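Inspection log for the structure reproduced underneath, given as structure tokens.
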Amino acid sequence: MTVLRPARTGDEEQLVGLIADLAAYEREPDAATASPADLAAALFPRDGTPRVFAEVADHDGHLVGMAVWFYTFSTWTARHGIWLEDLFVVPDHRGHGLGGRLLSRLAHRCLGEGLTRLEWAVLDWNEPALGFYQRQGAEAMSEWTTHRVSGAALRRLAEVGVSGAPPSHLVEDREGTLHARR
């Protein structure tokens, strides 16, 4: 029997396995570097305030699906939403509605918490996922293009303000807010 539930301590190793399977499916097997300890720190931090969450499909003690997500914020509505980082069901358990049920749990959370959006990104070549999401009522946001800064570019961007403190026309106050220099 398969039950859907929030991830809990002890699921980290199986979640890392699902993430590795997803990375292989998405043609980037070496990109998934998360360890069980990394996931434990993210999902179950010591301060008790997680910034990322996961719902899992548990089939008799074996995780066969996951939905990893976090809260977003819309300045236009001044309300939070959910960003679905990854939805994955192992191939042997596809076609039984688990992906739809995991997505439905997140939609239910959105409605219950007064959230305005449930969003995610899909690789443009992933026809099965695109079809699945369209069948769930999702609309492609083709006018938006996702951008990412990582690796060396992220370090360079961070150094822009650090190398010479804030740019010369700005000053940083004690709270870290930048203001025009007077």
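By order in the structure tokens, chains are A, B, ...; within a chain, residues start at 1; ligands start at 1, following the order shown.
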* Asked: Excluding same-chain residues fewer than 3 positions from segment 1-3 of chain A, what lies within 10 Å of it counting only C-alpha atoms, as a list of chain:residue names?
  -> A:Val56, A:Ala57, A:Asp58, A:His59, A:Asp60, A:Gly61, A:His62, A:Leu63, A:Val64, A:Gly65, A:His93, A:Leu98
* To do: Among the residues of chain A, find those DSSP assigns to strand (DSSP E) from the backbone and print them as a PyMOL selection string.
  => chain A and resi 2-6+53-59+62-74+79-89+118-120+170-172+178-180
Could the residues in this selection be written to a file with N, CA and C atoms, as a short mmCIF file (atom, residue, chain, number, x, y, z; two decimals), in the first residue's frame?
data_model
loop_
_atom_site.label_atom_id
_atom_site.label_comp_id
_atom_site.auth_asym_id
_atom_site.auth_seq_id
_atom_site.Cartn_x
_atom_site.Cartn_y
_atom_site.Cartn_z
N THR A 2 0.48 2.25 -0.77
CA THR A 2 1.24 3.49 -0.86
C THR A 2 0.49 4.60 -0.13
N VAL A 3 1.21 5.27 0.77
CA VAL A 3 0.65 6.41 1.49
C VAL A 3 1.47 7.64 1.17
N LEU A 4 0.80 8.78 1.13
CA LEU A 4 1.48 10.06 0.97
C LEU A 4 1.61 10.68 2.34
N ARG A 5 2.80 11.25 2.61
CA ARG A 5 3.04 11.86 3.91
C ARG A 5 4.17 12.86 3.78
N PRO A 6 4.31 13.74 4.77
CA PRO A 6 5.48 14.62 4.78
C PRO A 6 6.74 13.79 5.02
N PHE A 53 10.78 21.77 2.08
CA PHE A 53 9.90 20.73 2.58
C PHE A 53 9.79 19.63 1.54
N ALA A 54 9.30 18.47 1.96
CA ALA A 54 9.10 17.38 1.00
C ALA A 54 7.89 16.57 1.41
N GLU A 55 7.12 16.19 0.42
CA GLU A 55 6.05 15.21 0.56
C GLU A 55 6.57 13.96 -0.13
N VAL A 56 6.27 12.80 0.41
CA VAL A 56 6.77 11.57 -0.18
C VAL A 56 5.64 10.58 -0.39
N ALA A 57 5.87 9.68 -1.35
CA ALA A 57 4.99 8.53 -1.56
C ALA A 57 5.74 7.33 -0.99
N ASP A 58 5.18 6.75 0.07
CA ASP A 58 5.81 5.66 0.81
C ASP A 58 5.04 4.38 0.50
N HIS A 59 5.72 3.44 -0.17
CA HIS A 59 5.12 2.16 -0.51
C HIS A 59 5.75 1.09 0.37
N HIS A 62 9.22 1.92 1.47
CA HIS A 62 10.14 2.33 0.42
C HIS A 62 9.58 3.59 -0.25
N LEU A 63 10.39 4.63 -0.31
CA LEU A 63 9.94 5.86 -0.97
C LEU A 63 9.97 5.66 -2.47
N VAL A 64 8.82 5.90 -3.11
CA VAL A 64 8.71 5.71 -4.55
C VAL A 64 8.36 7.00 -5.27
N GLY A 65 8.24 8.09 -4.51
CA GLY A 65 7.94 9.37 -5.11
C GLY A 65 8.21 10.49 -4.13
N MET A 66 8.43 11.68 -4.67
CA MET A 66 8.68 12.85 -3.82
C MET A 66 8.23 14.12 -4.52
N ALA A 67 7.86 15.08 -3.70
CA ALA A 67 7.61 16.45 -4.16
C ALA A 67 8.38 17.34 -3.18
N VAL A 68 9.44 17.97 -3.66
CA VAL A 68 10.26 18.85 -2.84
C VAL A 68 9.87 20.28 -3.19
N TRP A 69 9.60 21.10 -2.15
CA TRP A 69 9.03 22.42 -2.40
C TRP A 69 9.47 23.42 -1.33
N PHE A 70 9.22 24.70 -1.63
CA PHE A 70 9.46 25.77 -0.66
C PHE A 70 8.50 26.92 -0.95
N TYR A 71 8.38 27.82 0.01
CA TYR A 71 7.49 28.97 -0.15
C TYR A 71 8.14 30.05 -0.99
N THR A 72 7.33 30.71 -1.79
CA THR A 72 7.75 31.88 -2.57
C THR A 72 6.94 33.08 -2.09
N PHE A 73 7.15 34.21 -2.72
CA PHE A 73 6.38 35.40 -2.38
C PHE A 73 6.14 36.21 -3.63
N SER A 74 4.92 36.69 -3.80
CA SER A 74 4.57 37.55 -4.93
C SER A 74 4.39 38.98 -4.43
N ARG A 79 1.30 38.01 -1.27
CA ARG A 79 0.95 36.71 -0.71
C ARG A 79 2.02 35.69 -1.11
N HIS A 80 2.11 34.67 -0.30
CA HIS A 80 3.05 33.59 -0.58
C HIS A 80 2.45 32.60 -1.58
N GLY A 81 3.32 31.79 -2.13
CA GLY A 81 2.95 30.68 -2.99
C GLY A 81 3.88 29.53 -2.70
N ILE A 82 3.81 28.52 -3.51
CA ILE A 82 4.70 27.37 -3.40
C ILE A 82 5.45 27.19 -4.71
N TRP A 83 6.75 26.97 -4.59
CA TRP A 83 7.58 26.58 -5.74
C TRP A 83 7.87 25.10 -5.58
N LEU A 84 7.45 24.32 -6.55
CA LEU A 84 7.73 22.89 -6.59
C LEU A 84 9.09 22.72 -7.25
N GLU A 85 10.07 22.39 -6.46
CA GLU A 85 11.44 22.24 -6.98
C GLU A 85 11.57 20.95 -7.79
N ASP A 86 11.08 19.87 -7.25
CA ASP A 86 11.15 18.59 -7.96
C ASP A 86 9.97 17.70 -7.61
N LEU A 87 9.40 17.11 -8.65
CA LEU A 87 8.37 16.09 -8.50
C LEU A 87 8.89 14.88 -9.25
N PHE A 88 8.95 13.75 -8.57
CA PHE A 88 9.50 12.55 -9.20
C PHE A 88 8.83 11.31 -8.63
N VAL A 89 8.46 10.40 -9.51
CA VAL A 89 7.93 9.09 -9.13
C VAL A 89 8.77 8.06 -9.89
N LEU A 118 0.98 28.06 -7.28
CA LEU A 118 1.77 26.83 -7.24
C LEU A 118 2.51 26.82 -8.57
N GLU A 119 3.83 26.91 -8.51
CA GLU A 119 4.62 27.06 -9.73
C GLU A 119 5.79 26.08 -9.75
N TRP A 120 6.31 25.84 -10.95
CA TRP A 120 7.48 24.98 -11.13
C TRP A 120 8.03 25.19 -12.52
N LEU A 170 26.79 54.15 -2.88
CA LEU A 170 25.89 53.61 -1.86
C LEU A 170 26.64 53.41 -0.55
N VAL A 171 25.87 53.47 0.54
CA VAL A 171 26.40 53.18 1.86
C VAL A 171 25.47 52.15 2.53
N GLU A 172 26.06 51.22 3.29
CA GLU A 172 25.28 50.16 3.93
C GLU A 172 25.08 50.50 5.41
N LEU A 178 21.10 49.15 1.74
CA LEU A 178 21.90 50.11 0.99
C LEU A 178 21.11 51.39 0.78
N HIS A 179 21.79 52.53 0.96
CA HIS A 179 21.18 53.85 0.77
C HIS A 179 22.12 54.69 -0.08
N ALA A 180 21.56 55.66 -0.80
CA ALA A 180 22.37 56.58 -1.58
C ALA A 180 23.25 57.39 -0.63
#
* Got a sec: who's within 10 Å of segment 139-147 of chain A, counting only C-alpha atoms, leaving out chain neighbours fewer than 5 positions off, as a list of chain:residue names? -> A:Glu119, A:Trp120, A:Ala121, A:Val122, A:Leu130, A:Tyr133, A:Gln134
* Hey, what does DSSP flag as alpha helix (DSSP H) within segment 11-145 of chain A? Can you give it to me as a VMD selection string? -> chain A and resid 12 to 25 36 to 43 98 to 113 127 to 135
Using the selection just defined, write its residues with N, CA and C atoms as a tab-separated table (two decimals), in the first residue's frame.
chain	number	residue	atom	x	y	z
A	12	GLU	N	16.11	10.56	4.59
A	12	GLU	CA	17.13	11.27	3.80
A	12	GLU	C	17.85	10.37	2.81
A	13	GLU	N	18.24	9.19	3.23
A	13	GLU	CA	18.99	8.31	2.33
A	13	GLU	C	18.15	7.90	1.12
A	14	GLN	N	16.89	7.57	1.34
A	14	GLN	CA	16.02	7.21	0.23
A	14	GLN	C	15.74	8.43	-0.66
A	15	LEU	N	15.61	9.60	-0.05
A	15	LEU	CA	15.40	10.82	-0.85
A	15	LEU	C	16.61	11.09	-1.74
A	16	VAL	N	17.82	10.89	-1.21
A	16	VAL	CA	19.02	11.06	-2.04
A	16	VAL	C	18.98	10.09	-3.22
A	17	GLY	N	18.50	8.88	-3.00
A	17	GLY	CA	18.35	7.92	-4.10
A	17	GLY	C	17.36	8.40	-5.15
A	18	LEU	N	16.23	8.95	-4.71
A	18	LEU	CA	15.25	9.50	-5.66
A	18	LEU	C	15.83	10.68	-6.43
A	19	ILE	N	16.57	11.52	-5.74
A	19	ILE	CA	17.20	12.68	-6.39
A	19	ILE	C	18.20	12.21	-7.44
A	20	ALA	N	18.98	11.18	-7.11
A	20	ALA	CA	19.93	10.63	-8.08
A	20	ALA	C	19.20	10.06	-9.29
A	21	ASP	N	18.10	9.38	-9.06
A	21	ASP	CA	17.30	8.84	-10.18
A	21	ASP	C	16.75	9.96	-11.05
A	22	LEU	N	16.27	11.03	-10.41
A	22	LEU	CA	15.76	12.18	-11.16
A	22	LEU	C	16.88	12.82	-11.97
A	23	ALA	N	18.05	13.00	-11.37
A	23	ALA	CA	19.18	13.61	-12.07
A	23	ALA	C	19.57	12.77	-13.29
A	24	ALA	N	19.56	11.46	-13.15
A	24	ALA	CA	19.88	10.59	-14.28
A	24	ALA	C	18.82	10.75	-15.37
A	25	TYR	N	17.54	10.78	-14.98
A	25	TYR	CA	16.46	10.96	-15.95
A	25	TYR	C	16.61	12.29	-16.68
A	36	PRO	N	22.77	12.59	2.35
A	36	PRO	CA	21.72	12.49	3.37
A	36	PRO	C	21.87	13.56	4.46
A	37	ALA	N	23.10	13.87	4.84
A	37	ALA	CA	23.32	14.91	5.86
A	37	ALA	C	22.89	16.28	5.34
A	38	ASP	N	23.16	16.56	4.06
A	38	ASP	CA	22.72	17.83	3.47
A	38	ASP	C	21.20	17.95	3.53
A	39	LEU	N	20.52	16.87	3.16
A	39	LEU	CA	19.05	16.90	3.19
A	39	LEU	C	18.52	17.02	4.61
A	40	ALA	N	19.15	16.33	5.54
A	40	ALA	CA	18.72	16.42	6.94
A	40	ALA	C	18.83	17.86	7.42
A	41	ALA	N	19.94	18.52	7.09
A	41	ALA	CA	20.14	19.91	7.51
A	41	ALA	C	19.11	20.84	6.87
A	42	ALA	N	18.71	20.56	5.65
A	42	ALA	CA	17.74	21.42	4.95
A	42	ALA	C	16.31	21.15	5.41
A	43	LEU	N	15.93	19.88	5.47
A	43	LEU	CA	14.55	19.52	5.80
A	43	LEU	C	14.25	19.58	7.30
A	98	LEU	N	0.18	8.69	-8.55
A	98	LEU	CA	0.97	9.22	-7.44
A	98	LEU	C	1.46	10.65	-7.70
A	99	GLY	N	1.92	10.92	-8.90
A	99	GLY	CA	2.38	12.28	-9.21
A	99	GLY	C	1.25	13.28	-9.07
A	100	GLY	N	0.08	12.93	-9.57
A	100	GLY	CA	-1.09	13.81	-9.44
A	100	GLY	C	-1.50	14.00	-8.00
A	101	ARG	N	-1.41	12.92	-7.21
A	101	ARG	CA	-1.77	13.03	-5.79
A	101	ARG	C	-0.78	13.89	-5.02
A	102	LEU	N	0.52	13.77	-5.33
A	102	LEU	CA	1.52	14.62	-4.68
A	102	LEU	C	1.28	16.09	-5.05
A	103	LEU	N	1.01	16.34	-6.32
A	103	LEU	CA	0.72	17.71	-6.77
A	103	LEU	C	-0.55	18.23	-6.12
A	104	SER	N	-1.55	17.38	-6.00
A	104	SER	CA	-2.81	17.76	-5.37
A	104	SER	C	-2.61	18.14	-3.90
A	105	ARG	N	-1.71	17.44	-3.21
A	105	ARG	CA	-1.41	17.80	-1.80
A	105	ARG	C	-0.89	19.22	-1.71
A	106	LEU	N	-0.04	19.60	-2.66
A	106	LEU	CA	0.50	20.96	-2.64
A	106	LEU	C	-0.58	21.98	-2.98
A	107	ALA	N	-1.45	21.66	-3.93
A	107	ALA	CA	-2.57	22.55	-4.25
A	107	ALA	C	-3.49	22.72	-3.05
A	108	HIS	N	-3.73	21.63	-2.35
A	108	HIS	CA	-4.57	21.68	-1.14
A	108	HIS	C	-3.92	22.58	-0.09
A	109	ARG	N	-2.61	22.47	0.08
A	109	ARG	CA	-1.89	23.32	1.01
A	109	ARG	C	-2.04	24.79	0.60
A	110	CYS	N	-1.90	25.07	-0.69
A	110	CYS	CA	-2.06	26.44	-1.17
A	110	CYS	C	-3.42	27.00	-0.77
A	111	LEU	N	-4.46	26.26	-1.06
A	111	LEU	CA	-5.80	26.74	-0.73
A	111	LEU	C	-5.99	26.88	0.78
A	112	GLY	N	-5.53	25.91	1.53
A	112	GLY	CA	-5.69	25.94	2.97
A	112	GLY	C	-4.95	27.08	3.65
A	113	GLU	N	-3.82	27.48	3.08
A	113	GLU	CA	-3.01	28.55	3.67
A	113	GLU	C	-3.23	29.90	2.99
A	127	GLU	N	8.75	15.82	-22.68
A	127	GLU	CA	7.36	15.71	-23.17
A	127	GLU	C	6.42	14.98	-22.21
A	128	PRO	N	6.85	13.86	-21.59
A	128	PRO	CA	5.93	13.21	-20.65
A	128	PRO	C	5.53	14.13	-19.48
A	129	ALA	N	6.51	14.88	-18.93
A	129	ALA	CA	6.20	15.79	-17.82
A	129	ALA	C	5.33	16.95	-18.30
A	130	LEU	N	5.64	17.51	-19.47
A	130	LEU	CA	4.83	18.61	-20.00
A	130	LEU	C	3.39	18.17	-20.18
A	131	GLY	N	3.18	16.99	-20.74
A	131	GLY	CA	1.83	16.46	-20.92
A	131	GLY	C	1.13	16.22	-19.59
A	132	PHE	N	1.86	15.64	-18.64
A	132	PHE	CA	1.29	15.39	-17.31
A	132	PHE	C	0.82	16.70	-16.68
A	133	TYR	N	1.67	17.71	-16.69
A	133	TYR	CA	1.31	18.98	-16.05
A	133	TYR	C	0.15	19.66	-16.77
A	134	GLN	N	0.12	19.59	-18.08
A	134	GLN	CA	-1.01	20.17	-18.82
A	134	GLN	C	-2.31	19.45	-18.45
A	135	ARG	N	-2.25	18.14	-18.28
A	135	ARG	CA	-3.45	17.40	-17.87
A	135	ARG	C	-3.91	17.80	-16.46
